[in-house]
>>> print(open('final21.cif').read())   # mmCIF, C-alpha atoms and all ligand atoms
data_query
loop_
_atom_site.group_PDB
_atom_site.id
_atom_site.type_symbol
_atom_site.label_atom_id
_atom_site.label_comp_id
_atom_site.auth_asym_id
_atom_site.auth_seq_id
_atom_site.Cartn_x
_atom_site.Cartn_y
_atom_site.Cartn_z
ATOM 1 C CA MET A 1 4.337 27.132 17.064
ATOM 2 C CA ALA A 2 4.764 23.360 17.186
ATOM 3 C CA VAL A 3 2.155 21.148 15.505
ATOM 4 C CA THR A 4 0.842 18.353 17.723
ATOM 5 C CA GLN A 5 0.520 14.805 16.351
ATOM 6 C CA ALA A 6 -3.266 15.034 16.684
ATOM 7 C CA GLU A 7 -3.383 18.261 14.636
ATOM 8 C CA PHE A 8 -1.011 16.808 12.065
ATOM 9 C CA ARG A 9 -3.138 13.656 11.656
ATOM 10 C CA LYS A 10 -6.343 15.706 11.448
ATOM 11 C CA ALA A 11 -4.922 17.947 8.723
ATOM 12 C CA LEU A 12 -3.504 15.039 6.698
ATOM 13 C CA GLY A 13 -6.831 13.197 7.045
ATOM 14 C CA CYS A 14 -8.369 15.950 4.869
ATOM 15 C CA PHE A 15 -6.263 14.711 1.967
ATOM 16 C CA ALA A 16 -8.448 11.996 0.406
ATOM 17 C CA THR A 17 -6.400 9.130 -0.993
ATOM 18 C CA GLY A 18 -6.752 5.754 -2.579
ATOM 19 C CA VAL A 19 -5.606 2.730 -0.604
ATOM 20 C CA THR A 20 -2.898 0.240 -1.578
ATOM 21 C CA VAL A 21 -1.615 -3.041 -0.242
ATOM 22 C CA ILE A 22 2.152 -3.306 -0.641
ATOM 23 C CA THR A 23 3.063 -6.955 -1.285
ATOM 24 C CA VAL A 24 6.394 -8.681 -0.971
ATOM 25 C CA ASP A 25 7.497 -12.277 -1.211
ATOM 26 C CA TYR A 26 9.433 -12.883 1.961
ATOM 27 C CA GLU A 27 11.076 -16.307 2.267
ATOM 28 C CA GLY A 28 8.281 -17.808 0.149
ATOM 29 C CA GLU A 29 5.524 -16.266 2.294
ATOM 30 C CA ILE A 30 3.137 -13.581 1.091
ATOM 31 C CA HIS A 31 3.522 -10.412 3.144
ATOM 32 C CA GLY A 32 1.117 -7.493 2.661
ATOM 33 C CA MET A 33 0.773 -4.070 4.287
ATOM 34 C CA THR A 34 -1.939 -1.444 3.848
ATOM 35 C CA ALA A 35 -0.484 1.910 2.775
ATOM 36 C CA ASN A 36 -1.906 5.203 1.564
ATOM 37 C CA ALA A 37 1.371 7.191 1.684
ATOM 38 C CA PHE A 38 1.863 6.307 -1.965
ATOM 39 C CA ALA A 39 2.505 8.675 -4.875
ATOM 40 C CA SER A 40 3.732 9.015 -8.409
ATOM 41 C CA VAL A 41 7.273 10.474 -8.620
ATOM 42 C CA SER A 42 8.483 10.506 -12.247
ATOM 43 C CA LEU A 43 7.115 9.637 -15.702
ATOM 44 C CA ASP A 44 10.474 9.049 -17.421
ATOM 45 C CA PRO A 45 11.647 6.790 -15.970
ATOM 46 C CA PRO A 46 8.430 5.626 -14.292
ATOM 47 C CA LEU A 47 8.980 5.981 -10.544
ATOM 48 C CA VAL A 48 6.641 5.803 -7.552
ATOM 49 C CA LEU A 49 7.158 6.176 -3.807
ATOM 50 C CA VAL A 50 5.737 4.646 -0.682
ATOM 51 C CA CYS A 51 6.514 5.841 2.859
ATOM 52 C CA VAL A 52 6.883 3.026 5.397
ATOM 53 C CA ASP A 53 7.113 3.250 9.183
ATOM 54 C CA GLN A 54 10.567 2.139 10.328
ATOM 55 C CA ARG A 55 8.926 -0.147 12.931
ATOM 56 C CA ALA A 56 6.884 -2.034 10.296
ATOM 57 C CA ARG A 57 7.965 -5.533 9.236
ATOM 58 C CA THR A 58 7.481 -4.359 5.661
ATOM 59 C CA HIS A 59 10.316 -1.874 6.204
ATOM 60 C CA THR A 60 12.810 -4.714 6.687
ATOM 61 C CA HIS A 61 11.283 -6.798 3.890
ATOM 62 C CA LEU A 62 11.585 -3.997 1.315
ATOM 63 C CA HIS A 63 15.211 -3.311 2.263
ATOM 64 C CA VAL A 64 16.061 -7.017 1.944
ATOM 65 C CA LYS A 65 14.041 -7.977 -1.163
ATOM 66 C CA LYS A 66 14.352 -4.675 -3.074
ATOM 67 C CA ARG A 67 11.233 -5.673 -5.035
ATOM 68 C CA PHE A 68 7.565 -5.272 -4.205
ATOM 69 C CA GLY A 69 4.088 -4.914 -5.633
ATOM 70 C CA VAL A 70 1.645 -2.029 -5.230
ATOM 71 C CA ASN A 71 -1.975 -3.206 -5.368
ATOM 72 C CA ILE A 72 -4.457 -0.327 -5.709
ATOM 73 C CA LEU A 73 -7.624 -1.457 -3.964
ATOM 74 C CA SER A 74 -11.100 -1.635 -5.488
ATOM 75 C CA GLN A 75 -14.055 -0.173 -3.611
ATOM 76 C CA ASP A 76 -15.176 -3.612 -2.388
ATOM 77 C CA GLN A 77 -11.789 -4.356 -0.763
ATOM 78 C CA GLY A 78 -12.228 -2.413 2.492
ATOM 79 C CA LYS A 79 -11.946 -5.621 4.551
ATOM 80 C CA ILE A 80 -8.637 -6.387 2.859
ATOM 81 C CA SER A 81 -7.365 -2.915 3.741
ATOM 82 C CA GLU A 82 -8.387 -3.418 7.384
ATOM 83 C CA TYR A 83 -6.836 -6.857 7.464
ATOM 84 C CA TYR A 84 -3.420 -5.768 6.168
ATOM 85 C CA ALA A 85 -3.297 -2.902 8.667
ATOM 86 C CA ARG A 86 -3.583 -5.326 11.626
ATOM 87 C CA ALA A 87 -0.516 -5.971 13.739
ATOM 88 C CA VAL A 88 -1.051 -9.749 13.796
ATOM 89 C CA ARG A 89 -2.105 -11.685 10.717
ATOM 90 C CA THR A 90 -1.650 -14.951 8.851
ATOM 91 C CA HIS A 91 -2.057 -15.822 5.208
ATOM 92 C CA GLU A 92 -4.860 -18.326 5.975
ATOM 93 C CA GLU A 93 -6.856 -15.694 7.884
ATOM 94 C CA ALA A 94 -6.390 -13.199 5.057
ATOM 95 C CA GLU A 95 -8.325 -15.453 2.714
ATOM 96 C CA ARG A 96 -10.910 -16.637 5.254
ATOM 97 C CA GLU A 97 -11.664 -13.291 6.918
ATOM 98 C CA ALA A 98 -11.001 -10.719 4.222
ATOM 99 C CA GLY A 99 -11.288 -12.733 0.998
ATOM 100 C CA ALA A 100 -7.704 -11.918 -0.035
ATOM 101 C CA ARG A 101 -6.379 -14.224 -2.748
ATOM 102 C CA PHE A 102 -3.128 -13.878 -4.649
ATOM 103 C CA GLU A 103 -1.294 -14.956 -7.727
ATOM 104 C CA ARG A 104 2.418 -14.396 -8.476
ATOM 105 C CA THR A 105 4.258 -12.431 -11.141
ATOM 106 C CA PRO A 106 7.201 -14.074 -12.975
ATOM 107 C CA HIS A 107 9.394 -12.367 -10.313
ATOM 108 C CA GLY A 108 7.431 -14.123 -7.570
ATOM 109 C CA THR A 109 5.839 -10.905 -6.294
ATOM 110 C CA PRO A 110 2.336 -11.511 -4.880
ATOM 111 C CA VAL A 111 -0.520 -9.880 -6.841
ATOM 112 C CA LEU A 112 -3.819 -9.313 -5.033
ATOM 113 C CA LYS A 113 -6.765 -10.608 -7.062
ATOM 114 C CA GLY A 114 -9.599 -8.113 -7.624
ATOM 115 C CA ALA A 115 -7.428 -5.014 -7.143
ATOM 116 C CA LEU A 116 -8.018 -2.083 -9.489
ATOM 117 C CA ALA A 117 -4.385 -1.920 -10.602
ATOM 118 C CA TYR A 118 -1.058 -3.618 -9.936
ATOM 119 C CA LEU A 119 2.445 -2.139 -10.220
ATOM 120 C CA GLU A 120 5.557 -4.336 -10.205
ATOM 121 C CA CYS A 121 8.259 -2.288 -8.451
ATOM 122 C CA ARG A 122 12.063 -2.580 -8.160
ATOM 123 C CA LEU A 123 13.734 -0.503 -5.464
ATOM 124 C CA HIS A 124 15.578 2.587 -6.719
ATOM 125 C CA THR A 125 16.353 4.591 -3.541
ATOM 126 C CA ALA A 126 15.522 4.419 0.155
ATOM 127 C CA GLN A 127 15.655 7.702 2.044
ATOM 128 C CA ASP A 128 15.042 7.856 5.802
ATOM 129 C CA ALA A 129 12.746 10.747 6.745
ATOM 130 C CA GLY A 130 11.805 11.104 10.409
ATOM 131 C CA ASP A 131 10.239 7.876 11.669
ATOM 132 C CA HIS A 132 9.442 6.647 8.130
ATOM 133 C CA THR A 133 11.523 5.700 5.081
ATOM 134 C CA ILE A 134 10.656 6.862 1.579
ATOM 135 C CA PHE A 135 11.062 3.903 -0.782
ATOM 136 C CA ILE A 136 11.319 5.107 -4.387
ATOM 137 C CA ALA A 137 10.957 2.366 -6.991
ATOM 138 C CA HIS A 138 11.089 1.779 -10.749
ATOM 139 C CA VAL A 139 7.770 0.536 -12.101
ATOM 140 C CA GLU A 140 8.621 -2.412 -14.341
ATOM 141 C CA ASP A 141 5.112 -3.552 -15.234
ATOM 142 C CA VAL A 142 1.512 -2.518 -14.682
ATOM 143 C CA VAL A 143 -1.880 -4.229 -14.896
ATOM 144 C CA VAL A 144 -5.056 -2.109 -14.903
ATOM 145 C CA HIS A 145 -8.661 -3.300 -14.533
ATOM 146 C CA GLU A 146 -12.034 -1.610 -14.907
ATOM 147 C CA GLY A 147 -13.818 -0.539 -11.724
ATOM 148 C CA ASP A 148 -13.950 2.027 -8.932
ATOM 149 C CA PRO A 149 -11.380 2.667 -6.183
ATOM 150 C CA LEU A 150 -11.555 2.379 -2.420
ATOM 151 C CA LEU A 151 -11.001 5.845 -0.905
ATOM 152 C CA PHE A 152 -9.785 6.898 2.550
ATOM 153 C CA PHE A 153 -10.825 10.263 4.017
ATOM 154 C CA ARG A 154 -10.766 11.506 7.634
ATOM 155 C CA GLY A 155 -10.208 7.999 8.952
ATOM 156 C CA ASP A 156 -13.078 6.343 7.061
ATOM 157 C CA TYR A 157 -13.386 4.335 3.879
ATOM 158 C CA ARG A 158 -15.511 5.903 1.129
ATOM 159 C CA ASP A 159 -16.856 5.164 -2.322
ATOM 160 C CA ILE A 160 -16.082 7.475 -5.202
ATOM 161 C CA GLY A 161 -18.976 9.807 -6.070
ATOM 162 C CA PRO A 162 -20.322 10.795 -9.480
ATOM 163 C CA ILE A 163 -18.220 12.789 -11.943
ATOM 164 C CA ILE A 164 -18.864 16.518 -11.389
ATOM 165 C CA GLY A 165 -18.329 19.534 -13.634
HETATM 166 C C1 LIG A 201 -5.748 3.287 5.479
HETATM 167 C C2 LIG A 201 -4.393 2.964 6.074
HETATM 168 C C3 LIG A 201 -3.255 3.476 5.483
HETATM 169 C C4 LIG A 201 -1.980 3.187 6.001
HETATM 170 N N1 LIG A 201 -0.891 3.707 5.377
HETATM 171 C C5 LIG A 201 0.340 3.418 5.844
HETATM 172 C C6 LIG A 201 1.495 3.922 5.153
HETATM 173 O O1 LIG A 201 1.402 4.589 4.131
HETATM 174 N N2 LIG A 201 2.719 3.596 5.662
HETATM 175 C C7 LIG A 201 2.874 2.827 6.795
HETATM 176 O O2 LIG A 201 4.000 2.581 7.199
HETATM 177 N N3 LIG A 201 1.787 2.331 7.452
HETATM 178 C C8 LIG A 201 0.539 2.595 6.993
HETATM 179 N N4 LIG A 201 -0.560 2.079 7.633
HETATM 180 C C9 LIG A 201 -0.359 1.238 8.830
HETATM 181 C C10 LIG A 201 0.105 -0.189 8.465
HETATM 182 O O3 LIG A 201 -0.770 -0.811 7.534
HETATM 183 C C11 LIG A 201 0.169 -1.064 9.752
HETATM 184 O O4 LIG A 201 1.008 -0.458 10.695
HETATM 185 C C12 LIG A 201 0.640 -2.499 9.485
HETATM 186 O O5 LIG A 201 0.260 -3.320 10.594
HETATM 187 C C13 LIG A 201 2.141 -2.654 9.292
HETATM 188 O O6 LIG A 201 2.397 -3.998 8.954
HETATM 189 P P1 LIG A 201 3.828 -4.699 9.013
HETATM 190 O O7 LIG A 201 4.400 -4.470 10.387
HETATM 191 O O8 LIG A 201 3.534 -6.145 8.734
HETATM 192 O O9 LIG A 201 4.670 -4.096 7.929
HETATM 193 C C14 LIG A 201 -1.851 2.364 7.138
HETATM 194 C C15 LIG A 201 -3.011 1.838 7.732
HETATM 195 C C16 LIG A 201 -4.269 2.133 7.201
HETATM 196 C C17 LIG A 201 -5.502 1.553 7.839
#
>>> encode(input="final21.cif", output="structure tokens")
Amino acid sequence: MAVTQAEFRKALGCFATGVTVITVDYEGEIHGMTANAFASVSLDPPLVLVCVDQRARTHTHLHVKKRFGVNILSQDQGKISEYYARAVRTHEEAEREAGARFERTPHGTPVLKGALAYLECRLHTAQDAGDHTIFIAHVEDVVVHEGDPLLFFRGDYRDIGPIIG
């Protein structure tokens, strides 16, 4: 019994996630990509993973730079998530249309202002898996802020609800 793409997407959409923007400095330009296929891998050493479509520009950038940032979005950053999922985008539009502003780490990696948390990542392993590649990375530094996350569930953005139980 083969699973269709529509069924697969529908099932995976039931798994509520946070939303990240993966940032990379590419030839001095800030490149960002919205991603929710992000997870913790190991505590010691601290490792995370992100799965990137092999057709995405980010796929090439991560292979070349071997360093990237993971920006975990705050609940008021839905426009930024939408913006960095678009096929065509420019840095000027990112600020004008979505309010995305950046600073740089000492490594030059772009950090999205207003994000809930930032992880500075150095590539550990890249493993092709189907039409995506799993990029596993060492987390070299983290910055965490107060606030609530942006959530993604069944194709829509959501706010976090009250604590239950
Ligand atoms: C909520 C959301 C989550 C996404 N998660 C991923 C992901 O985990 N991996 C991925 O490759 N693309 C993901 N995408 C799609 C990319 O953001 C989109 O294809 C983007 O245009 C790729 O940019 P690039 O070609 O500049 O790398 C997601 C899109 C949205 C809206």
>>> residues_around(input="final21.cif", residues="A:Ser74", least_positions_apart="4", cutoff="9 Å", atoms="all atoms listed in the file", output="number ranges by chain")
A: 19, 78, 114-117, 147-151
>>> resolve_selection(input="final21.cif", expression="the PyMOL selection byres (((chain A and resi 140-145) around 10) and not hetatm)", output="compact mmCIF listing (two decimals) with C-alpha atoms, keeping the file's coordinate frame")
# COMPACT_ATOMS: atom_id res chain seq x y z
CA PRO A 45 11.65 6.79 -15.97
CA PRO A 46 8.43 5.63 -14.29
CA LEU A 47 8.98 5.98 -10.54
CA GLY A 69 4.09 -4.91 -5.63
CA VAL A 70 1.64 -2.03 -5.23
CA ASN A 71 -1.98 -3.21 -5.37
CA ILE A 72 -4.46 -0.33 -5.71
CA SER A 74 -11.10 -1.64 -5.49
CA THR A 105 4.26 -12.43 -11.14
CA VAL A 111 -0.52 -9.88 -6.84
CA GLY A 114 -9.60 -8.11 -7.62
CA ALA A 115 -7.43 -5.01 -7.14
CA LEU A 116 -8.02 -2.08 -9.49
CA ALA A 117 -4.38 -1.92 -10.60
CA TYR A 118 -1.06 -3.62 -9.94
CA LEU A 119 2.44 -2.14 -10.22
CA GLU A 120 5.56 -4.34 -10.20
CA CYS A 121 8.26 -2.29 -8.45
CA ARG A 122 12.06 -2.58 -8.16
CA ALA A 137 10.96 2.37 -6.99
CA HIS A 138 11.09 1.78 -10.75
CA VAL A 139 7.77 0.54 -12.10
CA GLU A 146 -12.03 -1.61 -14.91
CA GLY A 147 -13.82 -0.54 -11.72
CA ASP A 148 -13.95 2.03 -8.93
>>> closest_residue(input="final21.cif", among="A:Val48, A:Leu62, A:Ala39, A:Ala87", to="ligand LIG 201 (chain A)", atoms="all atoms listed in the file")
A:Ala87
>>> residues_around(input="final21.cif", residues="A:His31", least_positions_apart="4", cutoff="10 Å", atoms="only C-alpha atoms", output="list in words")
Val21, Ile22, Thr23, Val24, Asp25, Tyr26, Glu27, Arg57, Thr58, His61, Phe68, Tyr84, Arg89, Thr90, His91, Thr109 and Pro110 of chain A
>>> residues_near_ligand(input="final21.cif", ligand="ligand LIG 201 (chain A)", cutoff="7 Å", atoms="only C-alpha atoms and all ligand atoms", output="ChimeraX atom specification")
/A:19,32-38,50-53,55-59,81-82,84-87,132,152
>>> write_last_selection(input="final21.cif", atoms="C-alpha atoms", output="CSV table (one decimal), in the frame of the given file")
chain,number,residue,atom,x,y,z
A,19,VAL,CA,-5.6,2.7,-0.6
A,32,GLY,CA,1.1,-7.5,2.7
A,33,MET,CA,0.8,-4.1,4.3
A,34,THR,CA,-1.9,-1.4,3.8
A,35,ALA,CA,-0.5,1.9,2.8
A,36,ASN,CA,-1.9,5.2,1.6
A,37,ALA,CA,1.4,7.2,1.7
A,38,PHE,CA,1.9,6.3,-2.0
A,50,VAL,CA,5.7,4.6,-0.7
A,51,CYS,CA,6.5,5.8,2.9
A,52,VAL,CA,6.9,3.0,5.4
A,53,ASP,CA,7.1,3.2,9.2
A,55,ARG,CA,8.9,-0.1,12.9
A,56,ALA,CA,6.9,-2.0,10.3
A,57,ARG,CA,8.0,-5.5,9.2
A,58,THR,CA,7.5,-4.4,5.7
A,59,HIS,CA,10.3,-1.9,6.2
A,81,SER,CA,-7.4,-2.9,3.7
A,82,GLU,CA,-8.4,-3.4,7.4
A,84,TYR,CA,-3.4,-5.8,6.2
A,85,ALA,CA,-3.3,-2.9,8.7
A,86,ARG,CA,-3.6,-5.3,11.6
A,87,ALA,CA,-0.5,-6.0,13.7
A,132,HIS,CA,9.4,6.6,8.1
A,152,PHE,CA,-9.8,6.9,2.6
>>> atom_distance(input="final21.cif", atom1="atom CA of A:Ala126", atom2="atom CA of A:Lys66")
9.7 Å
>>> resolve_selection(input="final21.cif", expression="the PyMOL selection byres (((chain A and resi 154) around 6) and not hetatm)", output="PyMOL selection string")
chain A and resi 13-14+153+155-156
>>> atom_distance(input="final21.cif", atom1="atom CA of A:Ala2", atom2="atom CA of A:Gln127")
24.4 Å
>>> atom_distance(input="final21.cif", atom1="atom CA of A:Leu49", atom2="atom CA of A:Ile134")
6.5 Å
>>> residues_around(input="final21.cif", residues="stretch 93-104 of chain A", least_positions_apart="6", cutoff="8 Å", atoms="all atoms listed in the file", output="PyMOL selection string")
chain A and resi 79-80+83+110-113
>>> axis_aligned_box(input="final21.cif", around="stretch 68-71 of chain A", padding_each_side="8 Å", output="lines of an AutoDock Vina configuration file")
center_x = 2.8
center_y = -3.7
center_z = -4.9
size_x = 25.5
size_y = 19.2
size_z = 17.4
